[in-house]
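What follows is target.txt (compact mmCIF, C-alpha atoms).
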# COMPACT_ATOMS: atom_id res chain seq x y z
CA MET A 478 -38.62 -35.55 -16.16
CA LYS A 479 -37.94 -35.82 -19.88
CA LYS A 480 -40.89 -35.61 -22.24
CA ILE A 481 -41.16 -36.05 -25.96
CA PHE A 482 -41.83 -32.74 -27.66
CA GLU A 483 -44.45 -33.48 -30.27
CA HIS A 484 -43.67 -30.90 -32.92
CA LYS A 485 -40.56 -32.20 -34.63
CA ASN A 486 -40.11 -29.05 -36.69
CA LEU A 487 -40.61 -26.56 -33.90
CA PHE A 488 -37.52 -27.14 -31.84
CA CYS A 489 -35.83 -24.00 -30.77
CA LEU A 490 -32.28 -23.45 -32.01
CA PRO A 491 -30.88 -20.03 -32.80
CA TRP A 492 -29.89 -19.74 -36.46
CA THR A 493 -27.77 -16.91 -37.83
CA GLN A 494 -29.96 -14.73 -40.01
CA THR A 495 -28.68 -14.25 -43.54
CA ILE A 496 -30.06 -12.98 -46.84
CA LEU A 497 -29.79 -15.17 -49.92
CA GLY A 498 -29.01 -13.27 -53.12
CA THR A 499 -29.86 -14.76 -56.52
CA HIS A 500 -30.87 -13.90 -60.08
CA LEU A 501 -34.47 -14.96 -60.73
CA LYS A 502 -35.21 -14.87 -64.46
CA GLY A 503 -32.39 -12.39 -64.89
CA LYS A 504 -33.51 -10.08 -62.09
CA VAL A 505 -31.84 -9.57 -58.70
CA ASN A 506 -33.77 -11.33 -55.93
CA PHE A 507 -33.38 -11.75 -52.17
CA MET A 508 -34.75 -14.13 -49.56
CA ALA A 509 -34.30 -14.44 -45.80
CA LEU A 510 -32.20 -17.57 -45.26
CA ASP A 511 -31.62 -19.34 -41.95
CA TRP A 512 -30.82 -22.93 -42.84
CA LEU A 513 -27.17 -23.04 -43.75
CA THR A 514 -23.96 -24.55 -42.48
CA ARG A 515 -20.33 -24.97 -43.38
CA VAL A 516 -19.84 -28.42 -44.91
CA ASN A 517 -16.20 -28.74 -45.95
CA VAL A 518 -12.83 -27.19 -45.17
CA ASN A 519 -10.73 -27.73 -48.29
CA PRO A 520 -12.12 -26.45 -50.55
CA ALA A 521 -14.16 -24.12 -48.34
CA MET A 522 -17.81 -25.01 -48.84
CA LEU A 523 -21.22 -23.93 -47.58
CA GLY A 524 -24.53 -25.77 -47.74
CA ILE A 525 -27.85 -23.92 -47.87
CA CYS A 526 -31.36 -25.29 -47.72
CA VAL A 527 -34.14 -23.75 -49.82
CA ASN A 528 -37.83 -24.68 -50.03
CA LYS A 529 -38.82 -25.94 -53.48
CA ASN A 530 -41.73 -23.50 -53.62
CA HIS A 531 -39.52 -20.43 -53.38
CA GLY A 532 -38.41 -18.28 -56.27
CA SER A 533 -34.83 -18.57 -54.99
CA HIS A 534 -35.00 -22.33 -55.54
CA GLU A 535 -35.89 -21.84 -59.18
CA ALA A 536 -33.17 -19.19 -59.47
CA ILE A 537 -30.39 -21.41 -58.09
CA LEU A 538 -31.43 -24.36 -60.24
CA GLU A 539 -31.20 -22.06 -63.26
CA THR A 540 -27.92 -20.25 -62.55
CA GLY A 541 -26.04 -22.48 -60.08
CA GLU A 542 -24.89 -19.34 -58.27
CA PHE A 543 -25.91 -17.39 -55.18
CA SER A 544 -24.64 -15.10 -52.44
CA VAL A 545 -25.04 -15.35 -48.68
CA ASN A 546 -25.19 -11.91 -47.08
CA ILE A 547 -24.83 -11.31 -43.34
CA PRO A 548 -26.94 -8.32 -42.27
CA SER A 549 -26.24 -6.38 -39.10
CA VAL A 550 -28.78 -5.63 -36.37
CA GLU A 551 -29.61 -2.30 -38.06
CA MET A 552 -30.96 -4.25 -41.06
CA VAL A 553 -33.64 -6.28 -39.22
CA GLU A 554 -36.63 -4.68 -40.95
CA ALA A 555 -35.28 -4.96 -44.47
CA THR A 556 -34.14 -8.52 -43.82
CA ASP A 557 -37.52 -9.54 -42.46
CA TYR A 558 -39.22 -8.01 -45.47
CA THR A 559 -37.26 -10.29 -47.83
CA GLY A 560 -38.89 -13.27 -46.07
CA LEU A 561 -42.41 -11.84 -46.15
CA VAL A 562 -42.92 -11.44 -49.88
CA SER A 563 -42.11 -13.82 -52.73
CA GLY A 564 -39.80 -12.87 -55.57
CA LYS A 565 -42.24 -14.66 -57.86
CA ARG A 566 -44.81 -11.92 -57.24
CA VAL A 567 -42.90 -8.88 -55.92
CA ASP A 568 -39.84 -7.20 -57.40
CA LYS A 569 -37.20 -7.08 -54.65
CA SER A 570 -34.39 -6.05 -56.99
CA ASN A 571 -34.22 -2.46 -55.72
CA LEU A 572 -34.31 -3.27 -52.03
CA PHE A 573 -30.54 -3.06 -51.58
CA SER A 574 -27.57 -1.58 -53.35
CA VAL A 575 -25.59 -4.50 -54.75
CA PHE A 576 -22.12 -5.32 -56.04
CA TYR A 577 -20.68 -8.29 -57.90
CA GLY A 578 -17.52 -10.35 -57.57
CA GLU A 579 -16.43 -13.07 -59.97
CA LEU A 580 -19.87 -14.59 -60.60
CA LYS A 581 -22.60 -13.15 -62.81
CA ALA A 582 -25.62 -14.28 -60.79
CA ALA A 583 -24.51 -13.78 -57.19
CA PRO A 584 -25.58 -10.21 -56.29
CA MET A 585 -24.11 -9.10 -52.97
CA ILE A 586 -25.57 -6.49 -50.65
CA SER A 587 -23.26 -3.49 -50.22
CA ASP A 588 -24.61 -2.64 -46.76
CA CYS A 589 -23.93 -6.12 -45.35
CA PRO A 590 -20.70 -6.32 -43.33
CA LEU A 591 -19.90 -9.76 -44.71
CA THR A 592 -20.93 -11.35 -48.01
CA ILE A 593 -20.11 -14.78 -49.39
CA GLU A 594 -20.06 -15.55 -53.11
CA CYS A 595 -20.96 -19.18 -53.86
CA LYS A 596 -21.11 -21.59 -56.79
CA VAL A 597 -23.18 -24.76 -56.47
CA SER A 598 -21.19 -27.97 -56.75
CA GLN A 599 -23.87 -30.47 -55.73
CA PRO A 600 -27.63 -30.08 -55.27
CA VAL A 601 -29.14 -32.65 -52.89
CA ASP A 602 -32.81 -33.36 -53.55
CA LEU A 603 -34.97 -33.79 -50.43
CA PRO A 604 -38.77 -34.10 -50.15
CA THR A 605 -39.71 -30.46 -49.44
CA HIS A 606 -36.34 -28.71 -49.89
CA SER A 607 -33.10 -28.80 -51.84
CA PHE A 608 -29.82 -28.66 -50.01
CA PHE A 609 -27.36 -26.83 -52.25
CA ILE A 610 -23.73 -27.65 -51.51
CA ALA A 611 -21.56 -24.87 -52.87
CA GLU A 612 -17.96 -23.81 -53.10
CA ILE A 613 -17.08 -20.46 -51.54
CA ILE A 614 -15.61 -18.39 -54.36
CA ASN A 615 -14.81 -15.27 -52.34
CA ILE A 616 -15.70 -13.54 -49.09
CA TYR A 617 -16.07 -9.76 -49.04
CA THR A 618 -15.87 -7.42 -46.09
CA GLU A 619 -14.40 -4.05 -45.13
CA ASP A 620 -11.49 -3.08 -42.90
CA ARG A 621 -13.85 -1.56 -40.36
CA PHE A 622 -15.30 -5.03 -39.60
CA LEU A 623 -11.90 -6.62 -38.93
CA THR A 624 -9.73 -6.78 -35.82
CA ASP A 625 -6.13 -7.87 -36.36
CA GLY A 626 -7.10 -8.95 -39.88
CA ASN A 627 -9.94 -11.25 -38.80
CA PRO A 628 -13.70 -10.67 -38.90
CA ASP A 629 -14.88 -9.33 -35.54
CA ILE A 630 -18.33 -10.54 -34.54
CA LYS A 631 -19.01 -7.47 -32.40
CA LYS A 632 -18.23 -5.18 -35.33
CA ILE A 633 -20.25 -7.25 -37.80
CA ASN A 634 -23.11 -7.32 -35.27
CA PRO A 635 -25.21 -10.09 -36.88
CA PHE A 636 -28.46 -11.38 -35.42
CA LEU A 637 -30.22 -14.68 -34.86
CA LEU A 638 -33.64 -16.19 -35.51
CA THR A 639 -35.45 -18.62 -33.21
CA MET A 640 -38.57 -20.57 -34.06
CA PRO A 641 -41.37 -21.31 -33.19
CA ASP A 642 -41.42 -18.12 -31.13
CA ASN A 643 -40.25 -16.22 -34.27
CA ASN A 644 -37.93 -13.80 -32.56
CA TYR A 645 -34.75 -12.07 -33.65
CA TRP A 646 -31.90 -11.83 -31.14
CA SER A 647 -28.63 -9.98 -30.94
CA ILE A 648 -25.38 -11.67 -29.92
CA GLY A 649 -24.91 -11.53 -26.15
CA GLU A 650 -21.90 -11.64 -23.87
CA ASN A 651 -18.63 -13.50 -24.31
CA ILE A 652 -18.84 -16.54 -22.04
CA GLY A 653 -15.55 -18.30 -22.75
CA LYS A 654 -12.83 -19.28 -25.21
CA ALA A 655 -13.35 -22.26 -27.50
CA TRP A 656 -10.75 -25.03 -27.55
CA ASN A 657 -9.68 -23.62 -24.22
CA SER A 658 -12.47 -23.46 -21.60
CA GLY A 659 -12.44 -27.23 -21.20
CA LYS A 660 -8.66 -27.64 -20.84
CA LYS A 661 -8.81 -27.77 -17.05
CA ARG A 662 -10.83 -30.96 -17.38
CA ILE A 663 -8.08 -32.72 -19.27
CA LYS A 664 -5.99 -32.88 -16.10
CA HIS A 665 -8.83 -34.08 -13.94
CA LEU A 666 -10.21 -36.85 -16.12
CA MET B 1253 -14.48 -0.06 -49.62
CA LYS B 1254 -15.08 -3.78 -50.09
CA LYS B 1255 -12.09 -6.07 -49.92
CA ILE B 1256 -11.74 -9.79 -50.49
CA PHE B 1257 -11.10 -11.59 -47.26
CA GLU B 1258 -8.39 -14.12 -48.04
CA HIS B 1259 -9.20 -16.90 -45.60
CA LYS B 1260 -12.23 -18.61 -47.06
CA ASN B 1261 -12.70 -20.82 -44.02
CA LEU B 1262 -12.31 -18.14 -41.40
CA PHE B 1263 -15.41 -16.12 -41.95
CA CYS B 1264 -17.20 -15.21 -38.82
CA LEU B 1265 -20.72 -16.53 -38.40
CA PRO B 1266 -22.17 -17.50 -35.04
CA TRP B 1267 -23.08 -21.18 -34.94
CA THR B 1268 -25.24 -22.71 -32.21
CA GLN B 1269 -23.05 -24.95 -30.09
CA THR B 1270 -24.27 -28.52 -29.78
CA ILE B 1271 -22.85 -31.85 -28.62
CA LEU B 1272 -23.01 -34.84 -30.94
CA GLY B 1273 -23.76 -38.15 -29.19
CA THR B 1274 -22.81 -41.46 -30.82
CA HIS B 1275 -21.75 -45.02 -30.08
CA LEU B 1276 -18.12 -45.56 -31.09
CA LYS B 1277 -17.29 -49.26 -31.16
CA GLY B 1278 -20.15 -49.87 -28.75
CA LYS B 1279 -19.14 -47.15 -26.31
CA VAL B 1280 -20.90 -43.82 -25.68
CA ASN B 1281 -18.99 -40.94 -27.29
CA PHE B 1282 -19.45 -37.17 -27.54
CA MET B 1283 -18.08 -34.43 -29.77
CA ALA B 1284 -18.60 -30.66 -29.94
CA LEU B 1285 -20.66 -30.03 -33.10
CA ASP B 1286 -21.26 -26.66 -34.74
CA TRP B 1287 -21.97 -27.40 -38.38
CA LEU B 1288 -25.60 -28.39 -38.60
CA THR B 1289 -28.81 -27.13 -40.12
CA ARG B 1290 -32.41 -28.08 -40.65
CA VAL B 1291 -32.81 -29.46 -44.18
CA ASN B 1292 -36.41 -30.57 -44.62
CA VAL B 1293 -39.83 -29.93 -43.08
CA ASN B 1294 -41.85 -33.06 -43.82
CA PRO B 1295 -40.43 -35.35 -42.60
CA ALA B 1296 -38.49 -33.20 -40.14
CA MET B 1297 -34.80 -33.58 -40.97
CA LEU B 1298 -31.45 -32.31 -39.79
CA GLY B 1299 -28.10 -32.33 -41.55
CA ILE B 1300 -24.82 -32.46 -39.64
CA CYS B 1301 -21.28 -32.18 -40.94
CA VAL B 1302 -18.49 -34.30 -39.43
CA ASN B 1303 -14.78 -34.40 -40.28
CA LYS B 1304 -13.71 -37.76 -41.66
CA ASN B 1305 -10.83 -37.96 -39.16
CA HIS B 1306 -13.12 -37.89 -36.14
CA GLY B 1307 -14.21 -40.90 -34.12
CA SER B 1308 -17.80 -39.66 -34.44
CA HIS B 1309 -17.55 -40.04 -38.22
CA GLU B 1310 -16.58 -43.69 -37.87
CA ALA B 1311 -19.35 -44.15 -35.28
CA ILE B 1312 -22.11 -42.73 -37.50
CA LEU B 1313 -20.99 -44.74 -40.53
CA GLU B 1314 -21.19 -47.85 -38.36
CA THR B 1315 -24.52 -47.29 -36.59
CA GLY B 1316 -26.41 -44.77 -38.76
CA GLU B 1317 -27.64 -43.12 -35.57
CA PHE B 1318 -26.76 -40.08 -33.46
CA SER B 1319 -28.11 -37.47 -31.10
CA VAL B 1320 -27.79 -33.69 -31.17
CA ASN B 1321 -27.74 -32.23 -27.67
CA ILE B 1322 -28.19 -28.52 -26.92
CA PRO B 1323 -26.15 -27.55 -23.85
CA SER B 1324 -26.97 -24.49 -21.77
CA VAL B 1325 -24.51 -21.74 -20.86
CA GLU B 1326 -23.69 -23.55 -17.60
CA MET B 1327 -22.23 -26.43 -19.63
CA VAL B 1328 -19.57 -24.46 -21.54
CA GLU B 1329 -16.56 -26.18 -19.94
CA ALA B 1330 -17.83 -29.73 -20.40
CA THR B 1331 -18.92 -28.94 -23.96
CA ASP B 1332 -15.54 -27.48 -24.86
CA TYR B 1333 -13.81 -30.53 -23.42
CA THR B 1334 -15.68 -32.81 -25.84
CA GLY B 1335 -14.02 -30.90 -28.69
CA LEU B 1336 -10.52 -30.96 -27.20
CA VAL B 1337 -9.94 -34.71 -26.95
CA SER B 1338 -10.65 -37.47 -29.46
CA GLY B 1339 -12.92 -40.39 -28.65
CA LYS B 1340 -10.41 -42.54 -30.50
CA ARG B 1341 -7.92 -42.00 -27.66
CA VAL B 1342 -9.90 -40.84 -24.62
CA ASP B 1343 -12.96 -42.47 -23.08
CA LYS B 1344 -15.65 -39.78 -22.90
CA SER B 1345 -18.44 -42.21 -22.03
CA ASN B 1346 -18.72 -41.09 -18.38
CA LEU B 1347 -18.68 -37.38 -19.05
CA PHE B 1348 -22.46 -37.00 -18.91
CA SER B 1349 -25.44 -38.89 -17.55
CA VAL B 1350 -27.33 -40.22 -20.58
CA PHE B 1351 -30.74 -41.54 -21.52
CA TYR B 1352 -32.09 -43.30 -24.61
CA GLY B 1353 -35.21 -42.94 -26.72
CA GLU B 1354 -36.20 -45.24 -29.57
CA LEU B 1355 -32.73 -45.73 -31.04
CA LYS B 1356 -30.00 -47.97 -29.62
CA ALA B 1357 -26.98 -45.84 -30.61
CA ALA B 1358 -28.17 -42.27 -29.99
CA PRO B 1359 -27.20 -41.51 -26.38
CA MET B 1360 -28.74 -38.27 -25.14
CA ILE B 1361 -27.39 -36.02 -22.40
CA SER B 1362 -29.77 -35.77 -19.43
CA ASP B 1363 -28.50 -32.33 -18.40
CA CYS B 1364 -29.14 -30.78 -21.83
CA PRO B 1365 -32.41 -28.82 -22.03
CA LEU B 1366 -33.12 -30.08 -25.53
CA THR B 1367 -31.98 -33.28 -27.24
CA ILE B 1368 -32.72 -34.53 -30.75
CA GLU B 1369 -32.66 -38.22 -31.67
CA CYS B 1370 -31.67 -38.78 -35.31
CA LYS B 1371 -31.43 -41.62 -37.83
CA VAL B 1372 -29.29 -41.11 -40.95
CA SER B 1373 -31.21 -41.29 -44.21
CA GLN B 1374 -28.51 -40.10 -46.61
CA PRO B 1375 -24.77 -39.59 -46.11
CA VAL B 1376 -23.25 -37.07 -48.54
CA ASP B 1377 -19.55 -37.62 -49.20
CA LEU B 1378 -17.45 -34.45 -49.45
CA PRO B 1379 -13.65 -34.05 -49.67
CA THR B 1380 -12.80 -33.51 -45.98
CA HIS B 1381 -16.20 -34.10 -44.33
CA SER B 1382 -19.37 -36.10 -44.57
CA PHE B 1383 -22.72 -34.35 -44.43
CA PHE B 1384 -25.17 -36.73 -42.74
CA ILE B 1385 -28.79 -36.02 -43.61
CA ALA B 1386 -30.98 -37.55 -40.93
CA GLU B 1387 -34.60 -37.89 -39.95
CA ILE B 1388 -35.57 -36.48 -36.56
CA ILE B 1389 -37.04 -39.43 -34.65
CA ASN B 1390 -37.93 -37.56 -31.47
CA ILE B 1391 -37.15 -34.36 -29.57
CA TYR B 1392 -36.86 -34.47 -25.79
CA THR B 1393 -37.17 -31.63 -23.34
CA GLU B 1394 -38.72 -30.86 -19.96
CA ASP B 1395 -41.70 -28.74 -18.96
CA ARG B 1396 -39.42 -26.22 -17.30
CA PHE B 1397 -37.92 -25.28 -20.69
CA LEU B 1398 -41.29 -24.59 -22.33
CA THR B 1399 -43.53 -21.52 -22.39
CA ASP B 1400 -47.09 -22.08 -23.60
CA GLY B 1401 -46.04 -25.52 -24.80
CA ASN B 1402 -43.17 -24.29 -26.98
CA PRO B 1403 -39.41 -24.35 -26.33
CA ASP B 1404 -38.33 -21.03 -24.80
CA ILE B 1405 -34.89 -19.89 -25.91
CA LYS B 1406 -34.31 -17.89 -22.74
CA LYS B 1407 -35.07 -20.93 -20.58
CA ILE B 1408 -32.97 -23.27 -22.72
CA ASN B 1409 -30.16 -20.68 -22.63
CA PRO B 1410 -27.97 -22.11 -25.41
CA PHE B 1411 -24.73 -20.55 -26.58
CA LEU B 1412 -22.91 -19.80 -29.82
CA LEU B 1413 -19.44 -20.32 -31.28
CA THR B 1414 -17.64 -17.88 -33.56
CA MET B 1415 -14.45 -18.58 -35.49
CA PRO B 1416 -11.66 -17.63 -36.12
CA ASP B 1417 -11.72 -15.72 -32.83
CA ASN B 1418 -12.86 -18.95 -31.11
CA ASN B 1419 -15.27 -17.39 -28.67
CA TYR B 1420 -18.45 -18.61 -27.05
CA TRP B 1421 -21.36 -16.17 -26.76
CA SER B 1422 -24.67 -16.12 -24.97
CA ILE B 1423 -27.91 -15.09 -26.70
CA GLY B 1424 -28.46 -11.35 -26.39
CA GLU B 1425 -31.52 -9.14 -26.47
CA ASN B 1426 -34.73 -9.55 -28.41
CA ILE B 1427 -34.52 -7.14 -31.36
CA GLY B 1428 -37.76 -7.86 -33.21
CA LYS B 1429 -40.39 -10.32 -34.35
CA ALA B 1430 -39.76 -12.46 -37.41
CA TRP B 1431 -42.31 -12.46 -40.26
CA ASN B 1432 -43.48 -9.23 -38.71
CA SER B 1433 -40.74 -6.55 -38.38
CA GLY B 1434 -40.71 -6.01 -42.13
CA LYS B 1435 -44.48 -5.70 -42.61
CA LYS B 1436 -44.40 -1.90 -42.55
CA ARG B 1437 -42.27 -2.04 -45.71
CA ILE B 1438 -44.97 -3.89 -47.60
CA LYS B 1439 -47.09 -0.74 -47.69
CA HIS B 1440 -44.24 1.50 -48.74
CA LEU B 1441 -42.78 -0.55 -51.57

Represent the structure from my file as structure tokens, please.
Amino acid sequence: MKKIFEHKNLFCLPWTQTILGTHLKGKVNFMALDWLTRVNVNPAMLGICVNKNHGSHEAILETGEFSVNIPSVEMVEATDYTGLVSGKRVDKSNLFSVFYGELKAAPMISDCPLTIECKVSQPVDLPTHSFFIAEIINIYTEDRFLTDGNPDIKKINPFLLTMPDNNYWSIGENIGKAWNSGKKRIKHL
Amino acid sequence: MKKIFEHKNLFCLPWTQTILGTHLKGKVNFMALDWLTRVNVNPAMLGICVNKNHGSHEAILETGEFSVNIPSVEMVEATDYTGLVSGKRVDKSNLFSVFYGELKAAPMISDCPLTIECKVSQPVDLPTHSFFIAEIINIYTEDRFLTDGNPDIKKINPFLLTMPDNNYWSIGENIGKAWNSGKKRIKHL
């Protein structure tokens, strides 16, 4: 029997956990970021959603640049910490070793297996958040995270967040091939 | 040693696999959907990204309504099928048993543990895709997918997609509590 779940914000979807890197008033800053998605293929674009109360929101409005860093399972504690304290009050600039690509205000975390350097092309103003649509300038990784030249999810070993239970999860078992598992149905239907 | 990964669209992040439900020219239609994110808290809003070539894009522009359905691991084959064939050429209306909430053009899949009924508030036009920002009208589930009144990820049992390897993955092990794992660092820093 279907029922309406009353809490419209508390639905349970697993989001990939990332860390947003910015420059807040000239200083490196980080924030746990879960609300993001690809939004365009050509050019390659990402969209990220940031609460207007956060220091990272102020930072992106000021610089128009940011990084999205994918931490591995080993980085759970440090990642969680970036979401517990505000960059407006606490200096998080020394939390990680960083490197830079083409942009001046998109600090990337050296320990993260995959980092994405982004430049905002269109901010979308919403009531409590801004959705920043951004072009992907470059993606950085290391050979040890690739298999046959492509990023390998088992080597990157990212993790997920679910709410409202507030749990982190690893990636589980392979359960099928995409654009393939459903092919047998094409003949039957 | 960091290297620039050349394929800006082929970075490997796990996305939660969902099925988009629409009415295309008055007929129920479904499409595998991976690019979505929460975008606002109050009101509760979702954003989804749809390729302009897809029937679902035409459907949403016409009706301004859609559903996001979360399939469980058992539904991998049927979910994959919705992404293999176009609703412009193949009738997918009988693929699932559906139910309706408040909206007329947001068909929801009865077998999915969690379904979200959405009404577009703002379409954002991008080069290859549209990003549809939508208000969450209602969320539907069943008691058997809840624990203490909240959706339970292990009972819902959703799955993930990674590209470019094109694999589906289950949710793995619990590896920590969010807004908690990093607390020990607050004392040390």

Which residues are near B:Ile1405? Cut-off 12 Å, all atoms listed in the file, ignore same chain within fewer than 3 positions. Put them as a compact mmCIF listing (two decimals) with C-alpha atoms, in the frame of the given file.
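Result file follows (result39.txt):
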# COMPACT_ATOMS: atom_id res chain seq x y z
CA LEU A 487 -40.61 -26.56 -33.90
CA PHE A 488 -37.52 -27.14 -31.84
CA CYS A 489 -35.83 -24.00 -30.77
CA LEU A 490 -32.28 -23.45 -32.01
CA PRO A 491 -30.88 -20.03 -32.80
CA TRP A 492 -29.89 -19.74 -36.46
CA LEU A 637 -30.22 -14.68 -34.86
CA LEU A 638 -33.64 -16.19 -35.51
CA THR A 639 -35.45 -18.62 -33.21
CA MET A 640 -38.57 -20.57 -34.06
CA PRO A 641 -41.37 -21.31 -33.19
CA ASP A 642 -41.42 -18.12 -31.13
CA ASN A 643 -40.25 -16.22 -34.27
CA ASN A 644 -37.93 -13.80 -32.56
CA TYR A 645 -34.75 -12.07 -33.65
CA TRP A 646 -31.90 -11.83 -31.14
CA THR B 1268 -25.24 -22.71 -32.21
CA ILE B 1322 -28.19 -28.52 -26.92
CA PRO B 1323 -26.15 -27.55 -23.85
CA SER B 1324 -26.97 -24.49 -21.77
CA VAL B 1325 -24.51 -21.74 -20.86
CA PRO B 1365 -32.41 -28.82 -22.03
CA LEU B 1366 -33.12 -30.08 -25.53
CA ARG B 1396 -39.42 -26.22 -17.30
CA PHE B 1397 -37.92 -25.28 -20.69
CA LEU B 1398 -41.29 -24.59 -22.33
CA THR B 1399 -43.53 -21.52 -22.39
CA ASN B 1402 -43.17 -24.29 -26.98
CA ILE B 1408 -32.97 -23.27 -22.72
CA ASN B 1409 -30.16 -20.68 -22.63
CA PRO B 1410 -27.97 -22.11 -25.41
CA PHE B 1411 -24.73 -20.55 -26.58
CA SER B 1422 -24.67 -16.12 -24.97
CA ILE B 1423 -27.91 -15.09 -26.70
CA GLY B 1424 -28.46 -11.35 -26.39
CA GLU B 1425 -31.52 -9.14 -26.47
CA ASN B 1426 -34.73 -9.55 -28.41

What's around A:His531 at 12 Å? Count only C-alpha atoms, leave out sequence neighbours fewer than 6 positions away in its own chain, and write the answer as a ChimeraX atom specification. /A:497,499,501,506-510,537-538,559-566,605-607

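Closest approach to B:Phe1318 from the set B:Gln1269, B:Ser1433, B:Ser1349, B:Asn1390 is made by B:Asn1390, with distances taken over all atoms listed in the file.
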
In Å, how far is it from atom CA of A:Leu523 to atom CA of A:Asp629? 20.0 Å
